[in-house]
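Accompanying notes for the structure given below.
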Amino acid sequence: MQTPVFFHADQLLFSPPYEWDKRGYVKHPENPKRINSILKALKKASGDFVFLEPDPISQSVIQQVHRSDFLRLYQLAQENIPSGQYFYPTFFPKAHQRDSDPDNIHHAGYYCTDTSTPLGPETLISATWSAATAYSAASHLLEGKSNLVYALTRPPGHHASADYFGGYCYFNNAAIAANRLKEQGSVAIIDIDFHHGDGTQSIFYFDNQVLTVSIHADPNEHFPYFSGHANEIGEGAGRGFNLNIPLMPGTDGDTFLQVLTELVVPRIKEFAPAFLIVAFGADTYHKDPICDFKLDTPDYNIIAKQLASLNLPTLVTQEGGYFVPALGDNVVSFLSGLR
Ligand code: Q9C
Ligand code: ZN
């Protein structure tokens with residue numbers, strides 16, 4: 001059986017050329033070339049994959065996860081920023097300052113965590129279609145049409161919370177999918193992007209129906225810096241339903257697999273969810289330009305097989321992965337392991 005791949009071409013419209021990082025103005029790593037690499041590799045393995053277009057989603061689907069100000073701010077950008085231009089938030093107010101106005105672009109920094117996630121006229125359209133792929137993939141899984149679905153989400157989502165965006169993420173696609181799946185049963189989200197899935201963690205932090213697990217780089221050294229520590233375990237009813245596993249620079253495939261096998265898989269088995277969401281980033285790859293783990297292409301296949309051993313209906317979202325020449329092969333290696 002072919003694995004459904006949800007994707008919409010308008011996800012490629014958004015294309016900021018630069019980000020501001022700690023060295024200054026640099027080429028933006030999260031660009032449409034990444035997706036072309038993935039599409040090419042999927043088409044090469046076309047016996048195994050079938051492309052499906054997502055249905056459009058209404059704003060209310062997004063607002064079940066994100067505050068409505070997001071939509072107003074992105075819409076403001078859509079209506080006011082000239083084509084080819086991007087607004088980089090450069091002002092980040094603190095609690096004692098006045099309330100935010102999502103109809104004022106100069107207040108964008110209120111909602112945004114970094115200078116890597118600019119707003120452009122196409123942000124809303126691309127981010128909405130990205131969320132729609134995740135939502136349609138979730139519906140597909142619920143209808144029992146396939147036990148494995150891949151949402152080719154771009155822009156990525158795992159750094160977007162209910163009330164902030166950042167880290168190249170505008171809407172939390174995995175959370176939108178989880179929210180849909182939750183209608184039918186509990187959900188485990190395993191985030192294996194190099195970076196901590198802070199947005200996803202925060203959305204479900206008080207929730208015991210969604211177990212959030214993230215394996216990632218030590219947040220003392222890497223984005224998102226302010227969360228991802230092992231002592232963040234959830235709160236209230238959600239206490240014990242968030243698991244963070246920060247790892248050392250240079251972590252290789254063997255260590256990653258060991259952590260997954262010994263810590264993550266047993267926790268998910270204990271939780272016994274109805275559905276599994278994998279927030280997959282290939283920025284753990286040894287040649288990734290902005291990360292420092294050491295995984296290789298075959299490692300993704302082995303890791304996926306370990307996750308497949310859970311034998312759960314599984315939805316994969318695409319998060320990071322910035323070494324474009326190998327990105328498609330890494331994604332196909334991973335998806336093939338799940339198949
Ligand atoms: N020039 C995801 O992987 N800061 N986001 C990096 C490097 C932000 C990564 C600066 C990294 C965000 C989805
Ligand atoms: Zn990442």
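Note on naming: chains are A, B, ... as they come in the structure tokens, residues start from 1 per chain, ligands start from 1 in the order shown.
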Select the residues contacting ligand 2 at a distance of at most 10 Å, based on only C-alpha atoms and all ligand atoms, then format the selection as a ChimeraX atom specification.
/A:30,156-159,167-168,191-197,216-217,222-224,279-284,290-291,318-322
Keeping N, CA, C and O atoms for every residue in the selection just given, could you write it to a file as a short mmCIF file (atom, residue, chain, number, x, y, z; two decimals), in the first residue's frame?
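Generated file (out-v7.cif):
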```
data_model
loop_
_atom_site.label_atom_id
_atom_site.label_comp_id
_atom_site.auth_asym_id
_atom_site.auth_seq_id
_atom_site.Cartn_x
_atom_site.Cartn_y
_atom_site.Cartn_z
N GLU A 30 15.57 27.90 6.09
CA GLU A 30 14.26 27.25 5.89
C GLU A 30 13.65 27.80 4.59
O GLU A 30 12.87 28.74 4.61
N PRO A 156 7.58 24.74 8.98
CA PRO A 156 7.47 23.79 10.09
C PRO A 156 6.63 24.38 11.23
O PRO A 156 6.17 25.53 11.12
N GLY A 157 6.41 23.61 12.30
CA GLY A 157 5.47 24.10 13.31
C GLY A 157 5.86 23.97 14.77
O GLY A 157 5.26 24.64 15.62
N HIS A 158 6.83 23.13 15.11
CA HIS A 158 6.93 22.74 16.52
C HIS A 158 7.40 23.82 17.48
O HIS A 158 7.32 23.64 18.70
N HIS A 159 7.89 24.96 16.96
CA HIS A 159 8.26 26.07 17.85
C HIS A 159 7.13 27.09 18.05
O HIS A 159 7.32 28.08 18.76
N GLY A 167 11.31 30.47 15.54
CA GLY A 167 12.06 29.29 15.11
C GLY A 167 11.61 28.76 13.76
O GLY A 167 11.54 27.55 13.55
N TYR A 168 11.27 29.69 12.85
CA TYR A 168 10.80 29.38 11.49
C TYR A 168 9.37 28.83 11.48
O TYR A 168 8.90 28.36 10.45
N ASP A 191 8.86 14.08 19.33
CA ASP A 191 9.52 15.11 18.53
C ASP A 191 11.00 14.76 18.43
O ASP A 191 11.72 14.76 19.44
N ILE A 192 11.44 14.42 17.21
CA ILE A 192 12.85 14.05 17.04
C ILE A 192 13.60 15.03 16.14
O ILE A 192 14.63 14.70 15.56
N ASP A 193 13.09 16.24 16.05
CA ASP A 193 13.86 17.33 15.46
C ASP A 193 15.06 17.62 16.39
O ASP A 193 15.00 17.33 17.59
N PHE A 194 16.13 18.18 15.83
CA PHE A 194 17.31 18.53 16.63
C PHE A 194 16.96 19.49 17.77
O PHE A 194 17.55 19.43 18.86
N HIS A 195 16.00 20.39 17.51
CA HIS A 195 15.63 21.40 18.50
C HIS A 195 14.45 20.94 19.35
O HIS A 195 13.58 20.22 18.88
N HIS A 196 14.43 21.40 20.59
CA HIS A 196 13.31 21.08 21.47
C HIS A 196 11.99 21.58 20.88
O HIS A 196 11.90 22.72 20.41
N GLY A 197 10.95 20.74 20.97
CA GLY A 197 9.63 21.13 20.48
C GLY A 197 8.89 21.95 21.53
O GLY A 197 7.90 21.51 22.11
N HIS A 216 16.36 16.14 21.99
CA HIS A 216 16.89 17.34 21.33
C HIS A 216 18.22 17.78 21.92
O HIS A 216 18.67 17.24 22.94
N ALA A 217 18.80 18.79 21.30
CA ALA A 217 20.04 19.37 21.79
C ALA A 217 19.81 20.10 23.11
O ALA A 217 18.73 20.63 23.36
N HIS A 222 21.54 25.57 22.66
CA HIS A 222 20.84 25.69 21.38
C HIS A 222 19.43 26.22 21.54
O HIS A 222 18.78 26.01 22.57
N PHE A 223 18.95 26.86 20.46
CA PHE A 223 17.55 27.25 20.35
C PHE A 223 16.66 26.08 20.77
O PHE A 223 16.96 24.95 20.42
N PRO A 224 15.58 26.28 21.52
CA PRO A 224 14.96 27.55 21.93
C PRO A 224 15.44 28.09 23.29
O PRO A 224 14.79 28.98 23.83
N ALA A 279 6.97 14.25 15.12
CA ALA A 279 7.44 15.53 14.58
C ALA A 279 8.89 15.28 14.16
O ALA A 279 9.80 15.23 14.99
N PHE A 280 9.05 15.08 12.86
CA PHE A 280 10.34 14.60 12.35
C PHE A 280 11.18 15.74 11.78
O PHE A 280 10.76 16.43 10.85
N GLY A 281 12.36 15.93 12.33
CA GLY A 281 13.32 16.86 11.74
C GLY A 281 14.56 16.09 11.34
O GLY A 281 15.00 15.20 12.08
N ALA A 282 15.10 16.42 10.18
CA ALA A 282 16.35 15.78 9.75
C ALA A 282 17.54 16.70 10.01
O ALA A 282 18.61 16.53 9.43
N ASP A 283 17.36 17.67 10.91
CA ASP A 283 18.49 18.55 11.25
C ASP A 283 19.44 17.91 12.26
O ASP A 283 20.40 18.52 12.72
N THR A 284 19.17 16.63 12.62
CA THR A 284 20.12 15.83 13.40
C THR A 284 21.20 15.22 12.50
O THR A 284 22.09 14.53 12.98
N ILE A 290 23.25 24.06 10.64
CA ILE A 290 23.02 24.85 11.87
C ILE A 290 22.96 23.98 13.13
O ILE A 290 22.65 24.50 14.20
N CYS A 291 23.26 22.68 13.02
CA CYS A 291 23.10 21.78 14.16
C CYS A 291 24.37 20.95 14.36
O CYS A 291 25.24 20.93 13.49
N GLN A 318 6.61 17.21 9.07
CA GLN A 318 7.98 17.59 8.75
C GLN A 318 8.34 18.84 9.54
O GLN A 318 7.66 19.85 9.45
N GLU A 319 9.41 18.74 10.31
CA GLU A 319 9.89 19.93 11.02
C GLU A 319 11.15 20.44 10.31
O GLU A 319 11.09 20.78 9.16
N GLY A 320 12.33 20.43 10.98
CA GLY A 320 13.53 21.00 10.35
C GLY A 320 14.28 20.03 9.46
O GLY A 320 13.79 18.95 9.10
N GLY A 321 15.53 20.40 9.15
CA GLY A 321 16.38 19.65 8.23
C GLY A 321 16.88 20.61 7.17
O GLY A 321 16.10 21.01 6.31
N TYR A 322 18.16 20.99 7.24
CA TYR A 322 18.64 22.13 6.44
C TYR A 322 19.79 21.80 5.51
O TYR A 322 20.26 22.67 4.79
#
```
Neighbouring residues of Leu263 of chain A were defined as those with any atom within 12 Å, considering only C-alpha atoms; residues of the same chain fewer than 5 positions away were excluded. Please report them as JSON, numbers by chain.
{"A": [190, 213, 214, 215, 243, 244, 245, 255, 256, 257, 258, 268, 269, 270]}
Residues of the last selection are to be written out with N, CA, C and O atoms, as a short mmCIF file (atom, residue, chain, number, x, y, z; two decimals), in the first residue's frame.
```
data_model
loop_
_atom_site.label_atom_id
_atom_site.label_comp_id
_atom_site.auth_asym_id
_atom_site.auth_seq_id
_atom_site.Cartn_x
_atom_site.Cartn_y
_atom_site.Cartn_z
N ILE A 190 5.97 12.31 19.58
CA ILE A 190 7.41 12.21 19.77
C ILE A 190 8.10 13.15 18.79
O ILE A 190 7.92 13.05 17.58
N VAL A 213 6.78 14.11 24.05
CA VAL A 213 8.15 13.65 24.30
C VAL A 213 9.05 14.34 23.28
O VAL A 213 8.70 14.44 22.10
N SER A 214 10.20 14.84 23.72
CA SER A 214 11.12 15.49 22.78
C SER A 214 12.56 15.08 23.09
O SER A 214 13.00 15.14 24.24
N ILE A 215 13.25 14.63 22.07
CA ILE A 215 14.70 14.35 22.16
C ILE A 215 15.39 15.47 21.38
O ILE A 215 15.03 15.73 20.22
N LEU A 243 7.92 14.70 28.54
CA LEU A 243 9.25 14.12 28.76
C LEU A 243 10.26 14.78 27.84
O LEU A 243 10.10 14.76 26.62
N ASN A 244 11.28 15.42 28.43
CA ASN A 244 12.34 16.04 27.66
C ASN A 244 13.64 15.28 27.85
O ASN A 244 14.04 14.98 28.98
N ILE A 245 14.31 15.00 26.73
CA ILE A 245 15.59 14.30 26.78
C ILE A 245 16.64 15.11 26.02
O ILE A 245 16.79 14.97 24.81
N THR A 255 23.59 6.42 19.92
CA THR A 255 23.11 7.01 21.17
C THR A 255 21.63 7.38 21.04
O THR A 255 20.83 7.15 21.95
N PHE A 256 21.30 7.97 19.90
CA PHE A 256 19.92 8.39 19.67
C PHE A 256 18.98 7.19 19.75
O PHE A 256 17.94 7.22 20.42
N LEU A 257 19.38 6.10 19.10
CA LEU A 257 18.57 4.89 19.09
C LEU A 257 18.44 4.29 20.49
O LEU A 257 17.37 3.83 20.89
N GLN A 258 19.53 4.35 21.23
CA GLN A 258 19.53 3.81 22.59
C GLN A 258 18.53 4.57 23.47
O GLN A 258 17.75 3.98 24.22
N ILE A 268 6.02 5.52 25.98
CA ILE A 268 4.86 5.57 25.08
C ILE A 268 4.00 4.31 25.26
O ILE A 268 2.78 4.38 25.29
N LYS A 269 4.68 3.17 25.41
CA LYS A 269 3.92 1.91 25.64
C LYS A 269 3.09 2.00 26.91
O LYS A 269 1.93 1.58 26.95
N GLU A 270 3.68 2.56 27.95
CA GLU A 270 2.99 2.70 29.22
C GLU A 270 1.76 3.62 29.07
O GLU A 270 0.70 3.35 29.62
#
```
Would you please extract all alpha helix (DSSP H) residues from segment 47-195 of chain A, as assigned by DSSP on the backbone, and give them as a VMD selection string?
chain A and resid 59 to 63 69 to 80 108 to 111 123 to 142 173 to 181
Identify, on the basis of only C-alpha atoms, every residue whose closest approach to Ala304 of chain A does not exceed 10 Å; exclude the query and any residue fewer than 2 positions from it along the same chain; express the result as a list in words.
Leu257, Val278, Asp299, Tyr300, Asn301, Ile302, Gln306, Leu307, Ala308, Ser309, Ser333, Phe334, Leu335, Ser336, Gly337, Leu338 and Arg339 of chain A
Selected residues written out with all heavy atoms, as a tab-separated table (two decimals), in the first residue's frame:
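Now in result.tsv:
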```tsv
chain	number	residue	atom	x	y	z
A	257	LEU	N	19.38	6.10	19.10
A	257	LEU	CA	18.57	4.89	19.09
A	257	LEU	C	18.44	4.29	20.49
A	257	LEU	O	17.37	3.83	20.89
A	257	LEU	CB	19.18	3.86	18.14
A	257	LEU	CG	18.37	2.58	17.97
A	257	LEU	CD1	17.05	2.85	17.24
A	257	LEU	CD2	19.18	1.52	17.22
A	278	VAL	N	4.70	11.77	14.95
A	278	VAL	CA	6.14	11.98	14.97
A	278	VAL	C	6.44	13.34	14.33
A	278	VAL	O	6.14	13.55	13.15
A	278	VAL	CB	6.91	10.89	14.19
A	278	VAL	CG1	8.41	11.07	14.39
A	278	VAL	CG2	6.48	9.49	14.63
A	299	ASP	N	20.55	5.79	9.73
A	299	ASP	CA	20.06	5.89	11.11
A	299	ASP	C	18.56	6.21	11.16
A	299	ASP	O	17.84	5.73	12.04
A	299	ASP	CB	20.82	6.97	11.88
A	299	ASP	CG	22.28	6.59	12.12
A	299	ASP	OD1	22.54	5.41	12.37
A	299	ASP	OD2	23.14	7.49	12.04
A	300	TYR	N	18.10	7.03	10.21
A	300	TYR	CA	16.68	7.41	10.22
A	300	TYR	C	15.79	6.20	9.98
A	300	TYR	O	14.70	6.08	10.53
A	300	TYR	CB	16.41	8.51	9.18
A	300	TYR	CG	17.17	9.77	9.52
A	300	TYR	CD1	18.24	10.21	8.74
A	300	TYR	CD2	16.84	10.49	10.66
A	300	TYR	CE1	18.95	11.35	9.09
A	300	TYR	CE2	17.55	11.63	11.01
A	300	TYR	CZ	18.61	12.06	10.22
A	300	TYR	OH	19.32	13.17	10.57
A	301	ASN	N	16.29	5.27	9.18
A	301	ASN	CA	15.55	4.06	8.90
A	301	ASN	C	15.44	3.19	10.16
A	301	ASN	O	14.37	2.66	10.49
A	301	ASN	CB	16.25	3.30	7.77
A	301	ASN	CG	15.36	2.27	7.14
A	301	ASN	OD1	15.42	1.10	7.49
A	301	ASN	ND2	14.50	2.70	6.22
A	302	ILE	N	16.54	3.08	10.87
A	302	ILE	CA	16.57	2.24	12.08
A	302	ILE	C	15.70	2.85	13.18
A	302	ILE	O	14.94	2.15	13.87
A	302	ILE	CB	18.04	2.06	12.56
A	302	ILE	CG1	18.86	1.37	11.46
A	302	ILE	CG2	18.11	1.27	13.86
A	302	ILE	CD1	20.37	1.44	11.67
A	306	GLN	N	12.17	1.35	15.00
A	306	GLN	CA	11.93	1.29	16.45
A	306	GLN	C	10.57	1.92	16.78
A	306	GLN	O	9.80	1.37	17.58
A	306	GLN	CB	13.08	2.02	17.16
A	306	GLN	CG	13.08	1.93	18.65
A	306	GLN	CD	13.09	0.50	19.17
A	306	GLN	OE1	12.27	0.17	20.03
A	306	GLN	NE2	13.98	-0.33	18.66
A	307	LEU	N	10.25	3.02	16.14
A	307	LEU	CA	8.94	3.66	16.37
A	307	LEU	C	7.81	2.81	15.79
A	307	LEU	O	6.72	2.72	16.37
A	307	LEU	CB	8.92	5.06	15.75
A	307	LEU	CG	9.79	6.10	16.47
A	307	LEU	CD1	9.92	7.38	15.64
A	307	LEU	CD2	9.23	6.42	17.86
A	308	ALA	N	8.09	2.16	14.66
A	308	ALA	CA	7.06	1.31	14.04
A	308	ALA	C	6.72	0.12	14.94
A	308	ALA	O	5.61	-0.40	14.87
A	308	ALA	CB	7.54	0.84	12.67
A	309	SER	N	7.68	-0.27	15.80
A	309	SER	CA	7.43	-1.41	16.69
A	309	SER	C	6.31	-1.11	17.68
A	309	SER	O	5.74	-2.02	18.28
A	309	SER	CB	8.72	-1.79	17.44
A	309	SER	OG	8.95	-0.86	18.49
A	333	SER	N	14.33	7.68	3.87
A	333	SER	CA	14.90	6.65	4.75
A	333	SER	C	14.01	6.47	5.98
A	333	SER	O	13.68	5.34	6.37
A	333	SER	CB	16.33	7.05	5.16
A	333	SER	OG	16.83	6.17	6.14
A	334	PHE	N	13.59	7.58	6.56
A	334	PHE	CA	12.75	7.54	7.76
A	334	PHE	C	11.37	6.95	7.45
A	334	PHE	O	10.92	6.02	8.13
A	334	PHE	CB	12.63	8.95	8.34
A	334	PHE	CG	11.86	8.98	9.61
A	334	PHE	CD1	12.39	8.47	10.78
A	334	PHE	CD2	10.58	9.50	9.65
A	334	PHE	CE1	11.67	8.46	11.97
A	334	PHE	CE2	9.85	9.51	10.84
A	334	PHE	CZ	10.39	9.00	11.99
A	335	LEU	N	10.72	7.48	6.43
A	335	LEU	CA	9.37	7.00	6.11
A	335	LEU	C	9.38	5.53	5.70
A	335	LEU	O	8.47	4.77	6.03
A	335	LEU	CB	8.76	7.86	5.00
A	335	LEU	CG	8.46	9.32	5.38
A	335	LEU	CD1	7.96	10.10	4.16
A	335	LEU	CD2	7.44	9.40	6.51
A	336	SER	N	10.42	5.10	5.02
A	336	SER	CA	10.51	3.70	4.62
A	336	SER	C	10.63	2.79	5.83
A	336	SER	O	10.06	1.69	5.85
A	336	SER	CB	11.72	3.49	3.70
A	336	SER	OG	11.61	4.33	2.58
A	337	GLY	N	11.34	3.26	6.84
A	337	GLY	CA	11.44	2.49	8.08
A	337	GLY	C	10.11	2.34	8.77
A	337	GLY	O	9.76	1.29	9.29
A	338	LEU	N	9.31	3.40	8.74
A	338	LEU	CA	7.97	3.33	9.33
A	338	LEU	C	7.07	2.40	8.53
A	338	LEU	O	6.27	1.65	9.09
A	338	LEU	CB	7.33	4.72	9.40
A	338	LEU	CG	7.80	5.66	10.52
A	338	LEU	CD1	7.13	7.01	10.37
A	338	LEU	CD2	7.50	5.08	11.89
A	339	ARG	N	7.20	2.43	7.21
A	339	ARG	CA	6.39	1.56	6.35
A	339	ARG	C	6.67	0.09	6.65
A	339	ARG	O	5.81	-0.76	6.63
A	339	ARG	CB	6.72	1.83	4.88
A	339	ARG	CG	6.06	3.07	4.31
A	339	ARG	CD	6.58	3.39	2.92
A	339	ARG	NE	6.45	2.27	2.02
A	339	ARG	CZ	5.31	1.88	1.43
A	339	ARG	NH1	4.23	2.54	1.65
A	339	ARG	NH2	5.29	0.85	0.62
```
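Closest to Asn80 of chain A among A:Asn330, A:Asn242, A:Asn104, A:Thr261 is A:Asn104, based on only C-alpha atoms.
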Would you please work out which residue, of A:Ala132, A:Leu310, A:Cys169, A:Val187, is nearest to ligand 1 when using only C-alpha atoms and all ligand atoms?
A:Cys169
At a cut-off of 9 Å, using only C-alpha atoms, what residues contact Ile35 of chain A? Leave out same-chain residues fewer than 5 positions from it and give the result as a list in words.
Leu12, Lys40, Leu152, Arg154, Val324, Leu327 and Gly328 of chain A
Take the residues from that selection and put them in a file with C-alpha atoms, as a PDB file, in the first residue's frame.
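Okay, this is what ended up in out.pdb:
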```pdb
ATOM      1  CA  LEU A  12       6.233  27.221  -1.263  1.00  0.00           C
ATOM      2  CA  LYS A  40      12.178  14.678  -5.630  1.00  0.00           C
ATOM      3  CA  LEU A 152       4.811  17.491   4.319  1.00  0.00           C
ATOM      4  CA  ARG A 154       6.341  23.642   5.512  1.00  0.00           C
ATOM      5  CA  VAL A 324      19.267  20.217   1.302  1.00  0.00           C
ATOM      6  CA  LEU A 327      17.197  16.024   3.038  1.00  0.00           C
ATOM      7  CA  GLY A 328      14.981  14.088   0.630  1.00  0.00           C
TER       8      GLY A 328
END
```
Any idea what the distance is between atom CA of Ser100 of chain A and atom CA of Cys112 of chain A?
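Those two atoms sit 11.7 Å apart.
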Could you find all residues in segment 30-207 of chain A that DSSP calls strand (DSSP E or B) from the backbone, and write them as a list in words?
Phe49, Val50, Phe51, Leu52, Phe87, Cys112, Leu119, Leu148, Val149, Tyr150, Ala151, Phe165, Gly166, Cys169, Val187, Ala188, Ile189, Ile190 and Asp191 of chain A
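Between ligand 1 and the residues A:Thr90, A:Ser46, A:Thr115, A:Thr128, the shortest atom-to-atom distance, using only C-alpha atoms and all ligand atoms, involves A:Thr115.
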Considering only C-alpha atoms, return as a list in words whatever protein or nucleic-acid residues lie within 6 Å of Phe14 of chain A, sequence-local ones (same chain, fewer than 6 positions apart) excluded.
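Contacts, with the query itself left out: Glu122, Thr123 and Ser126 of chain A.
Closest to ligand 1 among A:Ala77, A:Leu315, A:Ala174, A:Val149 is A:Ala174, based on only C-alpha atoms and all ligand atoms.
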Using only C-alpha atoms, can you tell me which of A:Pro102, A:Pro273, A:Pro16, A:Pro82 comes closest to Ser186 of chain A?
A:Pro273
All residues 9 Å or closer to Pro29 of chain A, only C-alpha atoms, same chain fewer than 3 positions away omitted, as a PDB file with N, CA and C atoms, in the first residue's frame:
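Output contents, as saved in out-v9.pdb:
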```pdb
ATOM      1  N   PRO A  17      14.394  35.420   2.240  1.00  0.00           N
ATOM      2  CA  PRO A  17      15.773  35.130   1.853  1.00  0.00           C
ATOM      3  C   PRO A  17      16.769  35.112   3.025  1.00  0.00           C
ATOM      4  N   TYR A  18      16.458  35.891   4.069  1.00  0.00           N
ATOM      5  CA  TYR A  18      17.438  36.029   5.157  1.00  0.00           C
ATOM      6  C   TYR A  18      16.824  35.828   6.527  1.00  0.00           C
ATOM      7  N   GLU A  19      17.657  35.503   7.493  1.00  0.00           N
ATOM      8  CA  GLU A  19      17.302  35.617   8.905  1.00  0.00           C
ATOM      9  C   GLU A  19      18.404  36.427   9.587  1.00  0.00           C
ATOM     10  N   VAL A  26      22.043  36.466   7.678  1.00  0.00           N
ATOM     11  CA  VAL A  26      22.527  35.275   6.960  1.00  0.00           C
ATOM     12  C   VAL A  26      21.417  34.690   6.092  1.00  0.00           C
ATOM     13  N   ARG A  34      14.400  23.104   0.207  1.00  0.00           N
ATOM     14  CA  ARG A  34      14.302  21.939   1.095  1.00  0.00           C
ATOM     15  C   ARG A  34      13.184  21.011   0.615  1.00  0.00           C
ATOM     16  N   PRO A 289      23.822  22.324   8.466  1.00  0.00           N
ATOM     17  CA  PRO A 289      24.614  23.560   8.635  1.00  0.00           C
ATOM     18  C   PRO A 289      24.375  24.300   9.947  1.00  0.00           C
ATOM     19  N   ILE A 290      23.253  24.061  10.644  1.00  0.00           N
ATOM     20  CA  ILE A 290      23.015  24.846  11.872  1.00  0.00           C
ATOM     21  C   ILE A 290      22.960  23.980  13.134  1.00  0.00           C
ATOM     22  N   GLY A 321      15.529  20.404   9.154  1.00  0.00           N
ATOM     23  CA  GLY A 321      16.384  19.648   8.235  1.00  0.00           C
ATOM     24  C   GLY A 321      16.880  20.607   7.169  1.00  0.00           C
ATOM     25  N   TYR A 322      18.156  20.992   7.242  1.00  0.00           N
ATOM     26  CA  TYR A 322      18.638  22.125   6.440  1.00  0.00           C
ATOM     27  C   TYR A 322      19.792  21.799   5.508  1.00  0.00           C
ATOM     28  N   PHE A 323      20.254  20.546   5.523  1.00  0.00           N
ATOM     29  CA  PHE A 323      21.247  20.154   4.523  1.00  0.00           C
ATOM     30  C   PHE A 323      20.474  19.607   3.325  1.00  0.00           C
TER      31      PHE A 323
END
```
Counting only C-alpha atoms, the residue of A:Val61, A:Ile189, A:Leu13, A:Leu76 that sits nearest Ala127 of chain A:
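Ranking A:Val61, A:Ile189, A:Leu13, A:Leu76 by distance to Ala127 of chain A, first place goes to A:Leu13.
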Selection: 8 Å around segment 249-251 of chain A, only C-alpha atoms, excl. self and same-chain fewer than 6 positions, as a ChimeraX atom specification
/A:217-218,292-295
